[in-house]
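Student: Pasting model.txt below, which is compact mmCIF, C-alpha atoms.
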```txt
# COMPACT_ATOMS: atom_id res chain seq x y z
CA MET A 1 101.45 85.54 138.86
CA THR A 2 100.43 88.67 136.92
CA ASP A 3 96.96 89.30 135.51
CA ALA A 4 98.23 88.61 132.01
CA GLN A 5 99.94 85.38 133.08
CA GLU A 6 96.71 84.20 134.65
CA THR A 7 94.89 84.95 131.42
CA ALA A 8 97.56 83.17 129.39
CA ALA A 9 97.24 80.17 131.70
CA ASP A 10 93.52 80.00 130.98
CA VAL A 11 93.98 80.21 127.21
CA SER A 12 97.42 79.16 125.94
CA LEU A 13 97.10 81.25 122.79
CA ARG A 14 94.03 83.38 122.22
CA THR A 15 92.95 84.29 118.72
CA THR A 16 90.85 87.40 119.36
CA GLY A 17 92.01 89.89 116.73
CA GLY A 18 93.55 87.27 114.47
CA GLY A 19 96.10 84.65 115.40
CA PRO A 20 97.87 82.03 113.32
CA PRO A 21 95.72 79.21 111.95
CA ASP A 22 94.87 76.69 114.64
CA ASP A 23 96.38 73.25 114.08
CA GLY A 24 93.66 71.36 115.85
CA GLY A 25 93.05 72.59 119.38
CA SER A 26 90.06 74.72 120.28
CA SER A 27 90.52 78.45 120.79
CA ALA A 28 87.16 79.98 121.59
CA ALA A 29 87.37 83.73 121.28
CA GLU A 30 86.57 85.60 124.47
CA ALA A 31 85.68 89.26 124.86
CA PRO A 32 88.95 91.22 125.25
CA ILE A 33 89.51 93.07 128.52
CA PRO A 34 90.28 96.82 128.34
CA LEU A 35 93.58 97.61 130.03
CA LEU A 36 93.03 101.05 131.52
CA GLU A 37 95.68 101.52 134.21
CA PRO A 38 99.23 100.24 134.85
CA ARG A 39 99.33 97.69 137.68
CA GLU A 40 101.26 99.96 140.03
CA GLY A 41 99.82 103.20 138.66
CA ILE A 42 101.61 105.76 136.50
CA PRO A 43 105.22 106.07 137.70
CA PRO A 44 106.84 109.50 137.99
CA VAL A 45 108.96 110.62 135.05
CA ILE A 46 112.66 110.27 135.83
CA ALA A 47 114.29 113.60 134.99
CA ASP A 48 117.34 113.94 137.27
CA GLU A 49 120.52 111.98 137.91
CA ASP A 50 119.67 110.90 141.47
CA SER A 51 116.34 109.40 140.43
CA LEU A 52 118.02 107.78 137.43
CA ALA A 53 120.59 106.15 139.72
CA GLU A 54 117.76 104.64 141.76
CA VAL A 55 116.12 103.25 138.62
CA ILE A 56 119.42 101.77 137.42
CA ALA A 57 119.89 100.03 140.77
CA ALA A 58 116.32 98.73 140.77
CA PHE A 59 116.48 97.35 137.23
CA ALA A 60 119.91 95.83 137.80
CA ALA A 61 118.44 93.97 140.79
CA GLY A 62 115.37 92.88 138.82
CA SER A 63 115.04 89.50 137.16
CA GLY A 64 114.16 88.09 133.76
CA PRO A 65 113.66 89.93 130.47
CA VAL A 66 113.22 93.70 130.43
CA ALA A 67 110.51 95.33 128.30
CA VAL A 68 111.82 98.42 126.48
CA ASP A 69 110.06 101.04 124.38
CA ALA A 70 110.81 104.55 123.19
CA GLU A 71 108.64 107.42 122.01
CA ARG A 72 109.82 109.81 119.31
CA ALA A 73 108.36 113.03 117.90
CA SER A 74 108.24 112.08 114.23
CA GLY A 75 106.46 114.72 112.20
CA TYR A 76 107.14 117.37 114.84
CA ARG A 77 110.89 117.47 115.48
CA TYR A 78 114.00 117.08 113.35
CA GLY A 79 115.50 113.60 113.43
CA GLN A 80 114.40 110.51 115.29
CA ARG A 81 115.67 111.09 118.83
CA ALA A 82 113.89 109.54 121.81
CA TYR A 83 111.75 111.82 123.98
CA LEU A 84 110.60 109.16 126.43
CA VAL A 85 111.97 105.73 127.33
CA GLN A 86 109.78 103.14 129.04
CA LEU A 87 111.03 100.01 130.79
CA ARG A 88 109.49 97.23 132.84
CA ARG A 89 111.12 94.29 134.59
CA ALA A 90 110.06 91.80 137.22
CA GLY A 91 111.18 93.05 140.62
CA ALA A 92 111.63 96.62 139.37
CA GLY A 93 108.22 97.61 138.03
CA THR A 94 107.82 100.25 135.34
CA ALA A 95 110.05 103.27 134.78
CA LEU A 96 109.45 106.28 132.53
CA ILE A 97 112.65 108.20 131.75
CA ASP A 98 113.02 111.61 130.13
CA PRO A 99 116.09 111.32 127.84
CA VAL A 100 116.08 115.09 127.28
CA ALA A 101 116.75 115.71 130.97
CA CYS A 102 118.89 112.53 131.23
CA PRO A 103 120.58 112.29 127.81
CA ASP A 104 123.17 109.68 128.82
CA LEU A 105 121.54 106.35 129.68
CA SER A 106 124.67 104.28 129.10
CA GLY A 107 124.73 103.38 132.81
CA LEU A 108 121.26 101.90 132.50
CA GLY A 109 122.28 100.13 129.30
CA GLU A 110 125.28 98.59 131.04
CA ALA A 111 123.14 97.49 134.01
CA LEU A 112 120.87 95.63 131.59
CA SER A 113 123.60 94.34 129.28
CA GLY A 114 123.18 90.72 130.33
CA ALA A 115 119.38 90.75 130.16
CA GLU A 116 117.19 89.95 127.19
CA TRP A 117 115.47 93.11 125.97
CA VAL A 118 111.90 92.73 124.71
CA LEU A 119 110.90 95.29 122.07
CA HIS A 120 108.09 95.55 119.56
CA ALA A 121 109.43 96.40 116.08
CA ALA A 122 112.96 96.64 117.46
CA THR A 123 114.56 98.14 114.35
CA GLN A 124 112.40 101.27 114.77
CA ASP A 125 113.56 101.98 118.34
CA LEU A 126 117.15 100.71 118.37
CA PRO A 127 118.67 103.72 116.52
CA CYS A 128 117.27 106.27 118.98
CA LEU A 129 118.15 104.03 121.95
CA ARG A 130 121.69 103.68 120.64
CA GLU A 131 122.02 107.48 120.58
CA ILE A 132 121.46 107.63 124.36
CA GLY A 133 123.74 104.71 125.19
CA MET A 134 121.27 101.83 125.35
CA ILE A 135 122.44 98.91 123.21
CA PRO A 136 121.13 95.37 123.86
CA SER A 137 123.27 92.29 123.51
CA ARG A 138 120.19 90.03 123.32
CA LEU A 139 116.65 90.86 122.30
CA PHE A 140 113.24 89.40 121.54
CA ASP A 141 111.17 91.30 118.95
CA THR A 142 107.48 90.61 119.51
CA GLU A 143 106.44 92.08 116.14
CA LEU A 144 108.93 89.93 114.22
CA ALA A 145 107.92 86.92 116.32
CA GLY A 146 104.33 87.53 115.28
CA ARG A 147 105.32 87.65 111.62
CA ILE A 148 107.26 84.41 111.79
CA ALA A 149 104.41 82.76 113.71
CA GLY A 150 101.97 83.75 110.97
CA PHE A 151 99.84 86.42 112.66
CA PRO A 152 98.11 88.56 110.00
CA ARG A 153 98.10 91.64 112.28
CA VAL A 154 101.32 92.34 114.15
CA GLY A 155 100.82 95.80 115.64
CA LEU A 156 101.32 95.84 119.40
CA GLY A 157 97.63 96.45 120.12
CA ALA A 158 96.51 93.65 117.81
CA MET A 159 99.09 91.25 119.24
CA VAL A 160 98.24 91.98 122.88
CA GLU A 161 94.55 91.59 122.11
CA GLY A 162 94.95 88.50 119.96
CA VAL A 163 97.40 86.64 122.18
CA LEU A 164 96.66 87.84 125.72
CA GLY A 165 93.08 89.11 125.41
CA PHE A 166 93.66 92.69 126.57
CA VAL A 167 92.83 95.90 124.73
CA LEU A 168 95.45 98.66 124.87
CA GLU A 169 94.60 102.32 124.46
CA LYS A 170 95.53 103.51 120.95
CA GLY A 171 94.97 107.25 121.12
CA HIS A 172 98.42 108.78 121.67
CA SER A 173 100.81 106.98 119.33
CA ALA A 174 101.32 109.98 117.01
CA VAL A 175 101.39 112.86 119.50
CA ASP A 176 104.28 115.30 119.94
CA TRP A 177 106.35 113.50 122.58
CA SER A 178 108.72 116.46 122.85
CA THR A 179 105.95 118.28 124.76
CA ARG A 180 106.89 119.18 128.34
CA PRO A 181 105.44 118.43 130.76
CA LEU A 182 103.94 115.30 129.24
CA PRO A 183 100.19 115.05 129.96
CA GLU A 184 99.07 112.29 132.31
CA PRO A 185 97.01 110.43 129.66
CA TRP A 186 100.10 110.20 127.48
CA LEU A 187 102.16 108.84 130.35
CA ARG A 188 99.47 106.27 131.09
CA TYR A 189 99.56 105.19 127.43
CA ALA A 190 103.36 104.98 127.52
CA ALA A 191 103.41 102.87 130.69
CA LEU A 192 100.80 100.50 129.28
CA ASP A 193 102.96 99.96 126.17
CA VAL A 194 105.44 97.96 128.27
CA GLU A 195 102.91 96.57 130.74
CA LEU A 196 102.35 93.26 128.95
CA LEU A 197 105.36 93.11 126.64
CA VAL A 198 107.13 90.35 128.59
CA ASP A 199 103.88 88.40 128.91
CA LEU A 200 103.45 88.69 125.15
CA ARG A 201 107.02 87.53 124.65
CA ASP A 202 106.45 84.42 126.78
CA ALA A 203 103.27 83.47 124.93
CA LEU A 204 104.89 83.99 121.52
CA GLU A 205 107.90 81.93 122.51
CA LYS A 206 105.57 79.03 123.31
CA GLU A 207 103.73 79.45 120.01
CA LEU A 208 106.94 79.60 117.98
CA ASP A 209 108.18 76.49 119.75
CA ARG A 210 104.89 74.74 119.01
CA GLN A 211 105.27 75.57 115.31
CA GLY A 212 108.93 74.50 115.22
CA LYS A 213 110.01 78.07 114.42
CA LEU A 214 111.61 79.20 117.68
CA GLU A 215 115.16 78.65 116.48
CA TRP A 216 114.37 80.62 113.33
CA ALA A 217 113.14 83.56 115.39
CA LEU A 218 116.16 83.44 117.69
CA GLN A 219 118.48 83.65 114.69
CA GLU A 220 116.57 86.69 113.45
CA PHE A 221 116.79 88.36 116.86
CA ASP A 222 120.53 87.71 117.03
CA ALA A 223 120.96 89.26 113.58
CA ILE A 224 119.15 92.43 114.68
CA ALA A 225 121.12 92.71 117.93
CA SER A 226 124.47 92.25 116.19
CA ALA A 227 123.78 94.47 113.17
CA PRO A 228 125.97 97.60 112.95
CA PRO A 229 124.35 101.03 112.75
CA ALA A 230 122.91 101.79 109.33
CA GLU A 231 125.11 103.76 106.95
CA PRO A 232 123.93 107.30 106.14
CA ARG A 233 121.64 107.24 103.13
CA LYS A 234 123.28 108.40 99.89
CA ASP A 235 121.51 111.31 98.18
CA PRO A 236 118.56 111.38 100.61
CA TRP A 237 116.98 114.16 98.57
CA ARG A 238 116.11 111.57 95.93
CA ARG A 239 113.48 110.17 98.30
CA THR A 240 111.40 113.34 98.03
CA SER A 241 107.78 112.32 97.55
CA GLY A 242 106.69 112.92 93.95
CA MET A 243 110.19 112.59 92.45
CA HIS A 244 108.81 110.37 89.68
CA LYS A 245 107.44 113.53 88.05
CA VAL A 246 110.89 115.13 87.83
CA ARG A 247 112.68 114.11 84.64
CA ARG A 248 115.22 116.74 83.58
CA ARG A 249 118.61 117.13 85.25
CA ARG A 250 118.13 120.86 85.87
CA GLN A 251 114.87 120.09 87.66
CA LEU A 252 116.64 117.41 89.73
CA ALA A 253 119.16 120.06 90.76
CA VAL A 254 116.30 122.27 92.01
CA VAL A 255 114.96 119.41 94.12
CA ARG A 256 118.42 118.85 95.58
CA GLU A 257 119.03 122.53 96.39
CA LEU A 258 115.60 123.05 97.94
CA TRP A 259 115.80 119.77 99.91
CA GLU A 260 119.23 120.64 101.32
CA ALA A 261 118.18 124.20 102.19
CA ARG A 262 115.06 122.88 103.91
CA ASP A 263 117.10 120.31 105.83
CA ARG A 264 119.52 122.94 107.15
CA ILE A 265 116.64 125.14 108.34
CA ALA A 266 114.77 122.22 109.90
CA GLN A 267 117.87 121.06 111.76
CA ARG A 268 118.59 124.56 113.04
CA ARG A 269 115.00 125.06 114.21
CA ASP A 270 114.61 121.44 115.41
CA VAL A 271 111.38 120.89 113.53
CA SER A 272 110.25 118.27 111.06
CA PRO A 273 111.38 119.21 107.53
CA GLY A 274 107.80 118.83 106.30
CA LYS A 275 106.80 121.72 108.58
CA VAL A 276 109.37 123.96 106.88
CA LEU A 277 108.46 123.15 103.27
CA SER A 278 106.41 120.29 101.86
CA ASP A 279 107.74 117.74 99.41
CA ALA A 280 104.92 118.70 97.06
CA ALA A 281 106.12 122.32 97.05
CA ILE A 282 109.69 121.24 96.26
CA VAL A 283 108.53 119.18 93.29
CA GLU A 284 106.25 121.99 92.12
CA ALA A 285 109.17 124.43 92.09
CA ALA A 286 111.41 121.94 90.31
CA LEU A 287 108.89 121.43 87.52
CA ALA A 288 108.18 125.15 87.11
CA LEU A 289 111.78 126.48 87.40
CA PRO A 290 110.53 129.94 88.55
CA VAL A 291 112.72 132.84 87.46
CA ASN A 292 111.90 135.15 90.38
CA VAL A 293 110.14 135.41 93.73
CA HIS A 294 106.92 136.56 92.10
CA ALA A 295 106.76 133.43 89.93
CA LEU A 296 107.65 131.24 92.93
CA ALA A 297 104.88 132.77 95.07
CA ALA A 298 102.31 131.77 92.45
CA LEU A 299 103.11 128.06 92.91
CA ASN A 300 101.25 125.68 95.21
CA GLY A 301 103.04 125.48 98.56
CA PHE A 302 104.47 129.02 98.33
CA GLY A 303 101.26 130.96 98.81
CA HIS A 304 100.27 134.01 100.85
CA ARG A 305 101.32 132.43 104.16
CA THR A 306 104.95 132.33 103.01
CA GLY A 307 106.79 135.49 104.05
CA ARG A 308 108.94 137.53 101.67
CA ARG A 309 112.16 136.50 103.41
CA GLN A 310 111.23 132.82 103.18
CA LEU A 311 110.36 133.17 99.51
CA GLU A 312 113.71 134.79 98.88
CA GLN A 313 115.61 131.94 100.52
CA TRP A 314 113.71 129.35 98.45
CA GLN A 315 114.23 131.36 95.26
CA ALA A 316 117.93 131.59 96.07
CA ALA A 317 118.06 127.78 96.16
CA VAL A 318 116.27 127.63 92.78
CA ASP A 319 118.71 130.20 91.36
CA ARG A 320 121.69 128.15 92.54
CA ALA A 321 120.34 125.16 90.66
CA ARG A 322 119.64 127.26 87.56
CA ALA A 323 123.23 128.58 87.59
CA LEU A 324 124.95 125.19 87.84
CA PRO A 325 127.07 124.17 84.85
CA GLU A 326 125.83 121.11 82.98
CA ALA A 327 128.62 118.92 84.35
CA GLN A 328 127.48 119.51 87.94
CA LEU A 329 123.84 118.59 87.42
CA PRO A 330 122.70 115.34 89.08
CA GLN A 331 122.13 112.29 86.93
CA PRO A 332 118.51 111.15 86.45
CA GLY A 333 118.99 107.75 88.06
CA GLN A 334 120.69 107.03 91.37
CA SER A 335 123.62 104.69 90.86
CA VAL A 336 122.88 101.36 92.46
CA THR A 337 124.81 98.17 92.89
CA GLY A 338 123.33 94.85 91.98
CA PRO A 339 120.85 93.82 89.33
CA PRO A 340 118.68 96.21 87.30
CA PRO A 341 114.98 96.68 88.06
CA PRO A 342 113.08 93.44 87.35
CA ARG A 343 110.89 95.15 84.73
CA ALA A 344 114.01 95.48 82.53
CA TRP A 345 115.08 91.86 82.82
CA ALA A 346 113.01 90.52 79.93
CA ASP A 347 114.89 92.80 77.51
CA LYS A 348 118.33 92.62 79.10
CA ASP A 349 118.45 88.90 79.95
CA PRO A 350 115.37 86.79 79.16
CA ALA A 351 116.90 83.72 80.82
CA ALA A 352 117.40 85.66 84.06
CA ALA A 353 113.81 86.91 83.83
CA ALA A 354 112.61 83.32 83.54
CA ARG A 355 114.73 82.31 86.56
CA LEU A 356 113.30 85.17 88.60
CA SER A 357 109.73 84.29 87.68
CA ALA A 358 110.24 80.67 88.70
CA ALA A 359 112.07 81.63 91.91
CA ARG A 360 109.40 84.13 92.97
CA ALA A 361 106.65 81.57 92.47
CA ALA A 362 108.58 78.93 94.41
CA VAL A 363 109.41 81.26 97.31
CA SER A 364 105.79 82.46 97.44
CA ALA A 365 104.51 78.89 97.63
CA LEU A 366 107.01 78.00 100.34
CA ALA A 367 106.12 81.09 102.39
CA GLU A 368 102.46 80.16 102.18
CA THR A 369 103.25 76.62 103.32
CA LEU A 370 105.28 77.95 106.26
CA ASN A 371 102.60 80.56 107.04
CA MET A 372 104.80 83.64 107.06
CA PRO A 373 105.38 86.70 104.86
CA GLN A 374 107.71 86.15 101.92
CA GLU A 375 109.98 89.00 102.96
CA ASN A 376 110.61 87.31 106.31
CA LEU A 377 111.37 84.00 104.65
CA ILE A 378 113.97 85.63 102.37
CA THR A 379 114.39 89.21 101.19
CA PRO A 380 113.25 89.92 97.62
CA ASP A 381 116.61 91.62 96.95
CA THR A 382 118.46 88.41 97.82
CA VAL A 383 116.30 86.40 95.42
CA ARG A 384 116.90 88.95 92.65
CA ARG A 385 120.66 88.90 93.13
CA VAL A 386 120.89 85.12 93.05
CA CYS A 387 118.70 84.93 89.95
CA TRP A 388 120.59 87.67 88.10
CA GLU A 389 124.00 86.13 88.76
CA PRO A 390 123.47 82.49 89.74
CA PRO A 391 126.43 80.28 90.66
CA ALA A 392 128.32 78.84 87.69
CA VAL A 393 127.35 75.37 88.87
CA VAL A 394 123.91 75.30 90.49
CA SER A 395 123.88 73.02 93.52
CA ALA A 396 122.63 73.06 97.08
CA GLU A 397 126.13 73.99 98.24
CA SER A 398 126.67 76.83 95.76
CA VAL A 399 123.20 78.34 96.14
CA GLY A 400 123.38 78.06 99.93
CA ALA A 401 126.76 79.80 99.92
CA ALA A 402 125.35 82.58 97.71
CA LEU A 403 122.40 83.11 100.04
CA ALA A 404 124.67 83.23 103.08
CA GLY A 405 126.94 85.69 101.28
CA TYR A 406 123.97 88.05 100.88
CA GLY A 407 123.22 87.87 104.61
CA ALA A 408 120.61 85.10 104.78
CA ARG A 409 120.47 83.37 108.15
CA ALA A 410 121.15 79.64 108.50
CA TRP A 411 117.46 78.77 108.82
CA GLN A 412 116.65 80.75 105.68
CA VAL A 413 119.40 79.02 103.75
CA GLU A 414 118.07 75.65 104.86
CA GLN A 415 114.49 76.42 103.89
CA VAL A 416 114.99 78.37 100.67
CA THR A 417 117.95 76.60 99.04
CA PRO A 418 115.99 73.57 97.72
CA VAL A 419 113.32 75.64 95.98
CA LEU A 420 115.88 78.05 94.50
CA VAL A 421 118.02 75.18 93.22
CA ALA A 422 114.95 73.84 91.42
CA ALA A 423 114.03 77.27 90.03
CA LEU A 424 117.57 78.03 88.84
CA SER A 425 117.93 74.61 87.26
CA ALA A 426 114.64 74.71 85.35
CA GLN A 427 114.94 75.15 81.61
CA PRO A 428 113.14 78.24 80.29
CA PRO A 429 110.32 77.52 77.87
CA ARG A 430 111.22 77.77 74.19
CA PRO A 431 109.76 80.77 72.36
```
Transcribe the structure of this file into structure tokens.
Tutor:
Amino acid sequence: MTDAQETAADVSLRTTGGGPPDDGGSSAAEAPIPLLEPREGIPPVIADEDSLAEVIAAFAAGSGPVAVDAERASGYRYGQRAYLVQLRRAGAGTALIDPVACPDLSGLGEALSGAEWVLHAATQDLPCLREIGMIPSRLFDTELAGRIAGFPRVGLGAMVEGVLGFVLEKGHSAVDWSTRPLPEPWLRYAALDVELLVDLRDALEKELDRQGKLEWALQEFDAIASAPPAEPRKDPWRRTSGMHKVRRRRQLAVVRELWEARDRIAQRRDVSPGKVLSDAAIVEAALALPVNVHALAALNGFGHRTGRRQLEQWQAAVDRARALPEAQLPQPGQSVTGPPPPRAWADKDPAAAARLSAARAAVSALAETLNMPQENLITPDTVRRVCWEPPAVVSAESVGAALAGYGARAWQVEQVTPVLVAALSAQPPRP
């Protein structure tokens, strides 16, 4: 029995750091225990094919769920690739793998294909794991489990402390994981991230079962594991911070040209786009529409630290936008499918606005009763779509079918359909 399992045996579900409301049993808070070292020490970083083959064999021979985590270099490097992969499994211990030196981990993924993978906030790590050939067929997401169970704080540190009574080090989550060699304190932090993940999974499974929510969580995990890779975002330049200030089409064209030029440079240099040119500087240039390098250099974000050559490349992007014919300028609003923004409903369709108001209140009340966030009970977008275009005949069958058609899981359909039927059937108040 591990240290964490012994602790969990003493207290079935601790509430240090904030757990779900207790339904009757006692849960006296105990002082959390700092977790300073991995049980078997810091393992060596796997950076060659022979060592990787040994790890694959060891983890294939291990038993039970496998804890998986990945570290990226967000804010430092271009993209979201993994720079360290951590795993732990009973019978195999902990492994730290360098995916830069070993970029193809499909053999490891295949060796673990039949195991349940335990991740925290799985949707954050799955894209970078997929890139290196690691794709789970089954998973358990401890963050999502915490949400469904009603924990108010679902970060890994808060969950480990609240459920198992251990304090994890928090100091290296935002460091540049592309650094080589990785410092020992960072490796210790990385190993500890998977140290108790399976123990946390086991405790959360018991809590979900106690609350009658385990099947709900399993459906959510299956949906994550079976989801296809996300489609590339359309017009990503529109997500530039501060875009709400940019109104005119010519100014939008400047944002687009500068964003795309910055992205090409960042990709070529393998650095975060924000290190090449800030979003604030892009918006500043779009609003000012500078006519030459001298005018551009006077703007915030293009000051004395920006070299002449860099200024010329940014001004060239502005000039391209200034030279575009009217027909090629971007439209102010991004074309979207589905209903309009809710703030416009009262003018466009007062009856739909009334339906949405009733549905939101009903879903909020139900989420509070079930002790989980509304967005985990049903996505706000799904509620909007059903309220904007409800079935011709409102019934449990038609509303349930509509929810399922928008991707709601069976448990969500079962829980939400009755309250939506009532909301959609209610008569709006007379003016």
Student: Measure the distance from CA of Arg262 (chain A) to CA of Pro103 (chain A) in Å and round it to one decimal.
Tutor: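 A separation of 26.7 Å between them.
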Student: Between A:Ala344, A:Val276, A:Ala426, A:Leu119, which is the closest to Leu200 (chain A) once you count only C-alpha atoms?
Tutor: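 Of all the options, A:Leu119 lies closest to Leu200 (chain A).
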Student: For the contact check between region 110-222 of chain A and region 30-43 of chain A, emit one row per residue of region 110-222 of chain A within 9 Å, containing the shortest atom pair and the distance in Å rounded to one decimal, counting all atoms listed in the file, chain then rising number order, as CSV.
Tutor:
```
residue,atom,partner,partner_atom,distance
A:Glu161,CA,A:Pro32,CA,6.4
A:Gly162,CA,A:Pro32,CA,8.4
A:Leu164,CA,A:Pro32,CA,8.4
A:Gly165,CA,A:Pro32,CA,4.6
A:Phe166,CA,A:Ile33,CA,4.6
A:Val167,CA,A:Pro34,CA,4.5
A:Leu168,CA,A:Leu35,CA,5.6
A:Glu169,CA,A:Leu36,CA,7.3
A:Glu184,CA,A:Ile42,CA,8.2
A:Leu187,CA,A:Ile42,CA,6.9
A:Arg188,CA,A:Ile42,CA,5.8
A:Tyr189,CA,A:Glu37,CA,8.6
A:Ala191,CA,A:Pro38,CA,6.5
A:Leu192,CA,A:Pro38,CA,5.8
A:Glu195,CA,A:Pro38,CA,6.6
```
Student: Measure the distance from CA of Leu96 (chain A) to CA of Pro273 (chain A) in Å and round it to one decimal.
Tutor: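 Straight-line distance from CA of Leu96 (chain A) to CA of Pro273 (chain A) works out to 28.2 Å.
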Student: Do you know which residues are at most 10 Å from Phe140 (chain A) counting all atoms listed in the file, after dropping those on the same chain fewer than 6 positions away, and could you put them as a list in words?
Tutor: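 These residues fall inside the cut-off: Pro65, Val66, Ala67, Glu116, Trp117, Val118, Leu119, His120, Ala121, Ala122, Val198, Arg201, Asp202, Leu204, Glu205, Ala217, Leu218, Glu220, Phe221, Asp222, Ile224 and Ala225 of chain A.
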Student: Please report the interatomic distance between CA of Ala392 (chain A) and CA of Leu366 (chain A) in Å with one decimal.
Tutor: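 Straight-line distance from CA of Ala392 (chain A) to CA of Leu366 (chain A) works out to 24.8 Å.
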Student: Between A:Ser74, A:Thr123, A:Thr94, A:Gln415, which one has atoms that come closest to Ser173 (chain A), using only C-alpha atoms?
Tutor: A:Ser74
Student: Region 420-422 of chain A: which residues within 7 Å, counting all atoms listed in the file, same-chain residues fewer than 5 positions away excluded, as a compact mmCIF listing (two decimals) with C-alpha atoms, in the coordinates of the input?
Tutor:
```txt
# COMPACT_ATOMS: atom_id res chain seq x y z
CA ALA A 359 112.07 81.63 91.91
CA VAL A 394 123.91 75.30 90.49
CA SER A 395 123.88 73.02 93.52
CA ALA A 396 122.63 73.06 97.08
CA VAL A 399 123.20 78.34 96.14
```
Student: From the set A:Arg360, A:Val318, A:Gly303, A:Gln313, which residue has the shortest atom-to-atom contact distance to Val291 (chain A), counting all atoms listed in the file?
Tutor: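 Selected residue with least distance to Val291 (chain A): A:Val318.
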Student: Region 58-64 of chain A: which residues within 8 Å, counting all atoms listed in the file, same-chain residues fewer than 4 positions away excluded, as a PyMOL selection string?
Tutor: chain A and resi 54+89-92+111-112+115-116
Student: Please return the centre and edge lengths, in Å to one decimal, of a box with edges along x, y and z that contains all listed atoms of region 128-135 of chain A, widened by 4 Å on every side, as JSON.
Tutor:
```
{"center_x": 120.5, "center_y": 103.3, "center_z": 122.2, "size_x": 14.5, "size_y": 16.7, "size_z": 14.4}
```
Student: Pick from A:Gly400, A:Pro290, A:Pro229, A:Pro330: nearest to Leu311 (chain A), with only C-alpha atoms counted?
Tutor: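 Once distances to Leu311 (chain A) are computed over only C-alpha atoms, the minimum belongs to A:Pro290.
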Student: Can you pull out every residue within 9 Å of Ala266 (chain A), counting only C-alpha atoms, but drop anything in the same chain fewer than 5 positions away, and send it as JSON, numbers by chain?
Tutor: {"A": [77, 78, 261, 271, 272, 273, 274, 275, 276]}
Student: Quick one: everything within 9 Å of Arg147 (chain A), counting all atoms listed in the file, minus sequence neighbours fewer than 4 positions away in the same chain. Send it as a ChimeraX atom specification.
Tutor: /A:142-143,151-154,371-373,376
Student: Please write the residues from the selection above to a file, keeping C-alpha atoms, as an mmCIF file, in the coordinates of the input.
Tutor:
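Result went into again03.cif, see below:
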```
data_model
loop_
_atom_site.group_PDB
_atom_site.id
_atom_site.type_symbol
_atom_site.label_atom_id
_atom_site.label_comp_id
_atom_site.auth_asym_id
_atom_site.auth_seq_id
_atom_site.Cartn_x
_atom_site.Cartn_y
_atom_site.Cartn_z
ATOM 1 C CA THR A 142 107.480 90.610 119.510
ATOM 2 C CA GLU A 143 106.440 92.080 116.140
ATOM 3 C CA PHE A 151 99.840 86.420 112.660
ATOM 4 C CA PRO A 152 98.110 88.560 110.000
ATOM 5 C CA ARG A 153 98.100 91.640 112.280
ATOM 6 C CA VAL A 154 101.320 92.340 114.150
ATOM 7 C CA ASN A 371 102.600 80.560 107.040
ATOM 8 C CA MET A 372 104.800 83.640 107.060
ATOM 9 C CA PRO A 373 105.380 86.700 104.860
ATOM 10 C CA ASN A 376 110.610 87.310 106.310
#
```
Student: Could you tell me which of A:Thr337, A:Tyr76, A:Ala57, A:Leu139 comes closest to Arg269 (chain A) if we count only C-alpha atoms?
Tutor: A:Tyr76
